[in-house]
Amino acid sequence: MDGLARRTSRITAADGRTVVLAFDHGLGGARHAGMRYPEPTLNDCILAGADAVLTTPGLARQYGDALTRIGLVLTLDLAAGYEETAIREAVLLGAEMGKFIFTPWSNAVPDSLARTRHIISVAHDAGLPMMIEPIPVSFEETSAHTPENIGKGAKMACEIDSDIVKMQYSGDPESFQEIMSTLYRPVVILGGPGRNNERGVLQDIRHAMDGGAIGTTIGRNIWEHESPARMVAALAAIVHEDASVDVAMRQLKRSYAVA
């Protein structure tokens, strides 16, 4: 096992699967719900079964003691143009992996493919694995988020040597399984906008796991939930225990009664 594979393995559990709490939304100014007081949210989610946290340099430094117990993925979304400095900081902070957003077919970032390949190359040279998040065109251009484009973006992420692909669920089991049949790097499913639909989130993850994903990297649908820890526990039941959606929902509701 080389250094890249060893560090990648540290963001998963012993079964090779993972529940990652995406907690980097403070970069956009989020300071509500579970982001308002980060420390208790982090501690509760870690105790509930999060295998890793995707976060910012500031939170990684501030709450480093809590994060030593699990895998650390550091967002490098702002690193374009100073990749070496950002990656050196990630290594100094003890991150197991970096994360970078790739926006194929974007007019705003026409060189996104080249930028993403460059940061992967620099990171690998420093021994840091990379999680690449392909978003067709942009988060806002939802009309571009078709199964075809999601699949193409994920395949491109593999081809430029992403260690893990953080991708959108394509919307249905058939299209997702077709996409997965063309990929050869591990896949985790992102959560996207807050949906206020627990069952819908859990159902998507159940389908994704059935289709070959190794886990989740979810943010708003965890930390905006009334009980972030219980949402993590429900996701962990699906990811690590192969639970059905009904079982995960019962666990979630049962937890409210004792919280």
# chains A, B, ... in the order shown; residues from 1 in each chain; ligands from 1
>>> residues_around(residues="range 31-41 of chain A", least_positions_apart="6", cutoff="10 Å", atoms="only C-alpha atoms", output="ChimeraX atom specification")
/A:23-25,47,59,62-63,66,219-220,222-229
>>> write_last_selection(atoms="N, CA, C and O atoms", output="PDB file, in the first residue's frame")
ATOM      1  N   PHE A  23     -18.595  19.871   6.193  1.00  0.00           N
ATOM      2  CA  PHE A  23     -18.731  20.943   7.175  1.00  0.00           C
ATOM      3  C   PHE A  23     -17.863  22.133   6.776  1.00  0.00           C
ATOM      4  O   PHE A  23     -17.213  22.757   7.616  1.00  0.00           O
ATOM      5  N   ASP A  24     -17.864  22.438   5.483  1.00  0.00           N
ATOM      6  CA  ASP A  24     -17.040  23.532   4.964  1.00  0.00           C
ATOM      7  C   ASP A  24     -17.872  24.719   4.503  1.00  0.00           C
ATOM      8  O   ASP A  24     -17.367  25.630   3.840  1.00  0.00           O
ATOM      9  N   HIS A  25     -19.151  24.749   4.883  1.00  0.00           N
ATOM     10  CA  HIS A  25     -20.060  25.761   4.357  1.00  0.00           C
ATOM     11  C   HIS A  25     -19.828  27.142   4.967  1.00  0.00           C
ATOM     12  O   HIS A  25     -20.370  28.136   4.485  1.00  0.00           O
ATOM     13  N   LEU A  47     -19.415  11.252  17.469  1.00  0.00           N
ATOM     14  CA  LEU A  47     -19.899  10.199  18.364  1.00  0.00           C
ATOM     15  C   LEU A  47     -20.989   9.350  17.715  1.00  0.00           C
ATOM     16  O   LEU A  47     -21.118   8.161  17.992  1.00  0.00           O
ATOM     17  N   LEU A  59     -11.530  25.725  10.813  1.00  0.00           N
ATOM     18  CA  LEU A  59     -12.160  24.746  11.706  1.00  0.00           C
ATOM     19  C   LEU A  59     -11.206  23.600  12.033  1.00  0.00           C
ATOM     20  O   LEU A  59     -11.199  23.092  13.155  1.00  0.00           O
ATOM     21  N   GLN A  62      -8.953  25.029  14.708  1.00  0.00           N
ATOM     22  CA  GLN A  62      -9.648  25.347  15.951  1.00  0.00           C
ATOM     23  C   GLN A  62     -10.082  24.106  16.715  1.00  0.00           C
ATOM     24  O   GLN A  62     -10.010  24.061  17.945  1.00  0.00           O
ATOM     25  N   TYR A  63     -10.555  23.099  15.976  1.00  0.00           N
ATOM     26  CA  TYR A  63     -11.115  21.910  16.621  1.00  0.00           C
ATOM     27  C   TYR A  63     -10.302  20.660  16.297  1.00  0.00           C
ATOM     28  O   TYR A  63     -10.835  19.561  16.198  1.00  0.00           O
ATOM     29  N   ALA A  66     -10.660  17.292  18.425  1.00  0.00           N
ATOM     30  CA  ALA A  66     -11.786  16.404  18.115  1.00  0.00           C
ATOM     31  C   ALA A  66     -11.543  15.643  16.820  1.00  0.00           C
ATOM     32  O   ALA A  66     -11.926  14.475  16.688  1.00  0.00           O
ATOM     33  N   GLY A 219     -23.639  17.493   3.774  1.00  0.00           N
ATOM     34  CA  GLY A 219     -23.514  18.659   4.636  1.00  0.00           C
ATOM     35  C   GLY A 219     -24.833  19.168   5.158  1.00  0.00           C
ATOM     36  O   GLY A 219     -25.256  18.834   6.255  1.00  0.00           O
ATOM     37  N   ARG A 220     -25.529  19.990   4.351  1.00  0.00           N
ATOM     38  CA  ARG A 220     -26.739  20.669   4.835  1.00  0.00           C
ATOM     39  C   ARG A 220     -27.794  19.691   5.344  1.00  0.00           C
ATOM     40  O   ARG A 220     -28.497  19.987   6.311  1.00  0.00           O
ATOM     41  N   ILE A 222     -27.379  17.173   6.909  1.00  0.00           N
ATOM     42  CA  ILE A 222     -27.006  16.756   8.258  1.00  0.00           C
ATOM     43  C   ILE A 222     -27.053  17.937   9.202  1.00  0.00           C
ATOM     44  O   ILE A 222     -27.821  17.956  10.161  1.00  0.00           O
ATOM     45  N   TRP A 223     -26.225  18.977   8.941  1.00  0.00           N
ATOM     46  CA  TRP A 223     -26.101  20.030   9.955  1.00  0.00           C
ATOM     47  C   TRP A 223     -27.283  20.991  10.004  1.00  0.00           C
ATOM     48  O   TRP A 223     -27.446  21.707  11.000  1.00  0.00           O
ATOM     49  N   GLU A 224     -28.158  20.989   8.998  1.00  0.00           N
ATOM     50  CA  GLU A 224     -29.393  21.760   9.087  1.00  0.00           C
ATOM     51  C   GLU A 224     -30.528  20.938   9.706  1.00  0.00           C
ATOM     52  O   GLU A 224     -31.598  21.482   9.978  1.00  0.00           O
ATOM     53  N   HIS A 225     -30.305  19.659   9.931  1.00  0.00           N
ATOM     54  CA  HIS A 225     -31.315  18.803  10.534  1.00  0.00           C
ATOM     55  C   HIS A 225     -31.491  19.172  12.007  1.00  0.00           C
ATOM     56  O   HIS A 225     -30.553  19.648  12.659  1.00  0.00           O
ATOM     57  N   GLU A 226     -32.681  18.945  12.538  1.00  0.00           N
ATOM     58  CA  GLU A 226     -32.912  19.289  13.949  1.00  0.00           C
ATOM     59  C   GLU A 226     -32.047  18.470  14.890  1.00  0.00           C
ATOM     60  O   GLU A 226     -31.758  18.888  16.008  1.00  0.00           O
ATOM     61  N   SER A 227     -31.607  17.305  14.451  1.00  0.00           N
ATOM     62  CA  SER A 227     -30.673  16.491  15.230  1.00  0.00           C
ATOM     63  C   SER A 227     -29.603  15.957  14.283  1.00  0.00           C
ATOM     64  O   SER A 227     -29.723  14.850  13.754  1.00  0.00           O
ATOM     65  N   PRO A 228     -28.535  16.726  14.047  1.00  0.00           N
ATOM     66  CA  PRO A 228     -27.500  16.275  13.117  1.00  0.00           C
ATOM     67  C   PRO A 228     -26.930  14.904  13.461  1.00  0.00           C
ATOM     68  O   PRO A 228     -26.686  14.081  12.571  1.00  0.00           O
ATOM     69  N   ALA A 229     -26.731  14.643  14.748  1.00  0.00           N
ATOM     70  CA  ALA A 229     -26.150  13.367  15.149  1.00  0.00           C
ATOM     71  C   ALA A 229     -27.044  12.201  14.759  1.00  0.00           C
ATOM     72  O   ALA A 229     -26.557  11.144  14.324  1.00  0.00           O
TER      73      ALA A 229
END
>>> residues_around(residues="Thr18 in chain A", least_positions_apart="4", cutoff="10 Å", atoms="only C-alpha atoms", output="PyMOL selection string")
chain A and resi 9-14+49-52+71+188+213-217+235-236+239-240
>>> residues_around(residues="range 101-114 of chain A", least_positions_apart="5", cutoff="10 Å", atoms="only C-alpha atoms", output="list in words")
Thr75, Leu76, Asp77, Leu78, Ala80, Ile119, Ile120, Met131, Ile132, Glu133, Pro134, Ile135, Pro136, Val137, Ser138, Phe139, Glu141, Ala144, Asn149, Ile150, Lys152, Gly153, Ala154, Met156, Ala157, Ile160 and Lys166 of chain A
>>> write_last_selection(atoms="C-alpha atoms", output="short mmCIF file (atom, residue, chain, number, x, y, z; two decimals), in the first residue's frame")
data_model
loop_
_atom_site.label_atom_id
_atom_site.label_comp_id
_atom_site.auth_asym_id
_atom_site.auth_seq_id
_atom_site.Cartn_x
_atom_site.Cartn_y
_atom_site.Cartn_z
CA THR A 75 -11.45 21.82 1.24
CA LEU A 76 -9.08 23.26 -1.36
CA ASP A 77 -11.78 24.90 -3.48
CA LEU A 78 -10.05 28.30 -3.24
CA ALA A 80 -6.43 27.68 -7.73
CA ILE A 119 -4.05 20.49 -8.31
CA ILE A 120 -4.27 16.68 -8.32
CA MET A 131 -11.42 13.98 -3.60
CA ILE A 132 -12.80 15.60 -6.74
CA GLU A 133 -16.36 16.91 -6.88
CA PRO A 134 -17.60 17.15 -10.49
CA ILE A 135 -20.57 19.53 -10.82
CA PRO A 136 -21.78 19.98 -14.41
CA VAL A 137 -21.40 23.71 -15.29
CA SER A 138 -22.19 25.03 -11.77
CA PHE A 139 -24.32 24.40 -8.71
CA GLU A 141 -27.20 25.58 -13.47
CA ALA A 144 -27.18 20.75 -16.68
CA ASN A 149 -23.65 14.98 -17.62
CA ILE A 150 -23.24 13.63 -14.08
CA LYS A 152 -19.49 12.23 -17.94
CA GLY A 153 -18.21 14.49 -15.16
CA ALA A 154 -17.57 11.54 -12.87
CA MET A 156 -13.58 12.74 -16.29
CA ALA A 157 -12.74 12.91 -12.57
CA ILE A 160 -7.59 12.98 -14.26
CA LYS A 166 -17.69 13.02 -4.77
#
>>> select_by_dssp(residues="range 32-214 of chain A", states="alpha helix (DSSP H)", output="count of residues only")
79
>>> select_by_dssp(residues="range 59-250 of chain A", states="strand (DSSP E or B)", output="list in words")
Gly71, Leu72, Val73, Leu74, Thr75, Met97, Gly98, Lys99, Phe100, Ile101, Phe102, Met130, Met131, Ile132, Glu133, Pro134, Ile164, Val165, Lys166, Met167, Val187, Val188, Ile189, Leu190, Gly215, Thr216, Thr217 and Ile218 of chain A
>>> write_last_selection(atoms="N, CA and C atoms", output="mmCIF file, in the first residue's frame")
data_model
loop_
_atom_site.group_PDB
_atom_site.id
_atom_site.type_symbol
_atom_site.label_atom_id
_atom_site.label_comp_id
_atom_site.auth_asym_id
_atom_site.auth_seq_id
_atom_site.Cartn_x
_atom_site.Cartn_y
_atom_site.Cartn_z
ATOM 1 N N GLY A 71 -11.047 10.756 10.174
ATOM 2 C CA GLY A 71 -10.367 11.265 9.001
ATOM 3 C C GLY A 71 -10.668 12.733 8.758
ATOM 4 N N LEU A 72 -9.700 13.445 8.234
ATOM 5 C CA LEU A 72 -9.839 14.876 7.935
ATOM 6 C C LEU A 72 -9.636 15.098 6.441
ATOM 7 N N VAL A 73 -10.659 15.674 5.804
ATOM 8 C CA VAL A 73 -10.580 16.092 4.404
ATOM 9 C C VAL A 73 -10.646 17.606 4.402
ATOM 10 N N LEU A 74 -9.681 18.260 3.798
ATOM 11 C CA LEU A 74 -9.623 19.714 3.810
ATOM 12 C C LEU A 74 -10.072 20.267 2.466
ATOM 13 N N THR A 75 -11.009 21.211 2.489
ATOM 14 C CA THR A 75 -11.452 21.820 1.240
ATOM 15 C C THR A 75 -10.340 22.682 0.653
ATOM 16 N N MET A 97 -6.699 14.030 3.174
ATOM 17 C CA MET A 97 -7.137 14.199 1.786
ATOM 18 C C MET A 97 -7.526 15.650 1.563
ATOM 19 N N GLY A 98 -7.387 16.110 0.318
ATOM 20 C CA GLY A 98 -7.922 17.398 -0.079
ATOM 21 C C GLY A 98 -9.169 17.206 -0.924
ATOM 22 N N LYS A 99 -9.968 18.262 -1.054
ATOM 23 C CA LYS A 99 -11.173 18.210 -1.887
ATOM 24 C C LYS A 99 -11.211 19.442 -2.787
ATOM 25 N N PHE A 100 -11.567 19.225 -4.062
ATOM 26 C CA PHE A 100 -11.596 20.325 -5.027
ATOM 27 C C PHE A 100 -12.793 20.146 -5.951
ATOM 28 N N ILE A 101 -13.503 21.240 -6.208
ATOM 29 C CA ILE A 101 -14.664 21.206 -7.094
ATOM 30 C C ILE A 101 -14.221 21.367 -8.546
ATOM 31 N N PHE A 102 -14.740 20.508 -9.388
ATOM 32 C CA PHE A 102 -14.479 20.504 -10.829
ATOM 33 C C PHE A 102 -15.785 20.817 -11.543
ATOM 34 N N MET A 130 -6.658 13.184 -3.338
ATOM 35 C CA MET A 130 -7.637 14.217 -3.662
ATOM 36 C C MET A 130 -9.015 13.616 -3.922
ATOM 37 N N MET A 131 -10.018 14.248 -3.318
ATOM 38 C CA MET A 131 -11.425 13.983 -3.595
ATOM 39 C C MET A 131 -11.891 15.055 -4.572
ATOM 40 N N ILE A 132 -12.356 14.652 -5.728
ATOM 41 C CA ILE A 132 -12.797 15.604 -6.744
ATOM 42 C C ILE A 132 -14.320 15.561 -6.840
ATOM 43 N N GLU A 133 -14.908 16.754 -6.883
ATOM 44 C CA GLU A 133 -16.363 16.910 -6.882
ATOM 45 C C GLU A 133 -16.811 17.487 -8.226
ATOM 46 N N PRO A 134 -17.180 16.634 -9.195
ATOM 47 C CA PRO A 134 -17.601 17.147 -10.494
ATOM 48 C C PRO A 134 -19.050 17.645 -10.457
ATOM 49 N N ILE A 164 -10.878 9.783 -4.922
ATOM 50 C CA ILE A 164 -12.288 9.532 -4.630
ATOM 51 C C ILE A 164 -13.102 10.545 -5.417
ATOM 52 N N VAL A 165 -14.215 10.112 -5.975
ATOM 53 C CA VAL A 165 -15.125 10.997 -6.708
ATOM 54 C C VAL A 165 -16.325 11.294 -5.820
ATOM 55 N N LYS A 166 -16.525 12.567 -5.541
ATOM 56 C CA LYS A 166 -17.692 13.023 -4.774
ATOM 57 C C LYS A 166 -18.721 13.515 -5.785
ATOM 58 N N MET A 167 -19.755 12.735 -6.024
ATOM 59 C CA MET A 167 -20.659 13.055 -7.130
ATOM 60 C C MET A 167 -22.107 13.124 -6.675
ATOM 61 N N VAL A 187 -16.586 6.042 -5.141
ATOM 62 C CA VAL A 187 -17.573 7.122 -5.262
ATOM 63 C C VAL A 187 -18.264 7.343 -3.927
ATOM 64 N N VAL A 188 -18.356 8.625 -3.530
ATOM 65 C CA VAL A 188 -19.214 9.019 -2.415
ATOM 66 C C VAL A 188 -20.249 9.996 -2.944
ATOM 67 N N ILE A 189 -21.420 9.991 -2.330
ATOM 68 C CA ILE A 189 -22.542 10.773 -2.830
ATOM 69 C C ILE A 189 -22.709 12.042 -2.005
ATOM 70 N N LEU A 190 -22.772 13.177 -2.695
ATOM 71 C CA LEU A 190 -22.980 14.447 -2.004
ATOM 72 C C LEU A 190 -24.464 14.644 -1.709
ATOM 73 N N GLY A 215 -20.115 5.333 0.058
ATOM 74 C CA GLY A 215 -20.630 6.123 1.174
ATOM 75 C C GLY A 215 -21.135 7.488 0.757
ATOM 76 N N THR A 216 -21.090 8.407 1.706
ATOM 77 C CA THR A 216 -21.705 9.721 1.536
ATOM 78 C C THR A 216 -20.756 10.819 1.968
ATOM 79 N N THR A 217 -20.966 12.007 1.409
ATOM 80 C CA THR A 217 -20.317 13.226 1.888
ATOM 81 C C THR A 217 -21.410 14.287 1.912
ATOM 82 N N ILE A 218 -22.105 14.375 3.028
ATOM 83 C CA ILE A 218 -23.325 15.182 3.121
ATOM 84 C C ILE A 218 -23.138 16.304 4.129
#
>>> closest_residue(among="A:Leu128, A:Ala86, A:Leu67, A:Ile238", to="Arg206 in chain A", atoms="only C-alpha atoms")
A:Ile238
>>> residues_around(residues="Leu4 in chain A", least_positions_apart="3", cutoff="8 Å", atoms="only C-alpha atoms", output="PyMOL selection string")
chain A and resi 7-8+124+127-129
>>> write_last_selection(atoms="N, CA and C atoms", output="PDB file, in the first residue's frame")
ATOM      1  N   ARG A   7      -3.415   6.928   3.102  1.00  0.00           N
ATOM      2  CA  ARG A   7      -4.155   8.098   3.593  1.00  0.00           C
ATOM      3  C   ARG A   7      -5.622   8.045   3.185  1.00  0.00           C
ATOM      4  N   THR A   8      -5.885   7.573   1.976  1.00  0.00           N
ATOM      5  CA  THR A   8      -7.280   7.428   1.538  1.00  0.00           C
ATOM      6  C   THR A   8      -8.033   6.473   2.455  1.00  0.00           C
ATOM      7  N   HIS A 124      -0.628  15.045  -5.306  1.00  0.00           N
ATOM      8  CA  HIS A 124      -0.025  13.720  -5.321  1.00  0.00           C
ATOM      9  C   HIS A 124       1.488  13.800  -5.142  1.00  0.00           C
ATOM     10  N   GLY A 127       2.120  13.791  -1.666  1.00  0.00           N
ATOM     11  CA  GLY A 127       1.609  12.625  -0.953  1.00  0.00           C
ATOM     12  C   GLY A 127       0.194  12.779  -0.443  1.00  0.00           C
ATOM     13  N   LEU A 128      -0.548  13.770  -0.949  1.00  0.00           N
ATOM     14  CA  LEU A 128      -1.903  14.034  -0.477  1.00  0.00           C
ATOM     15  C   LEU A 128      -2.925  13.539  -1.496  1.00  0.00           C
ATOM     16  N   PRO A 129      -3.797  12.604  -1.130  1.00  0.00           N
ATOM     17  CA  PRO A 129      -4.862  12.176  -2.043  1.00  0.00           C
ATOM     18  C   PRO A 129      -5.869  13.308  -2.258  1.00  0.00           C
TER      19      PRO A 129
END
>>> atom_distance(atom1="CA of Leu42 in chain A", atom2="CA of Asp65 in chain A")
11.0 Å
>>> closest_residue(among="A:Ala237, A:Met231, A:Val201, A:Ala79", to="Arg17 in chain A", atoms="only C-alpha atoms")
A:Ala237
>>> residues_around(residues="Arg230 in chain A", least_positions_apart="6", cutoff="10 Å", atoms="only C-alpha atoms", output="PyMOL selection string")
chain A and resi 44-45+48-49+222+236+248-249+251-256+259
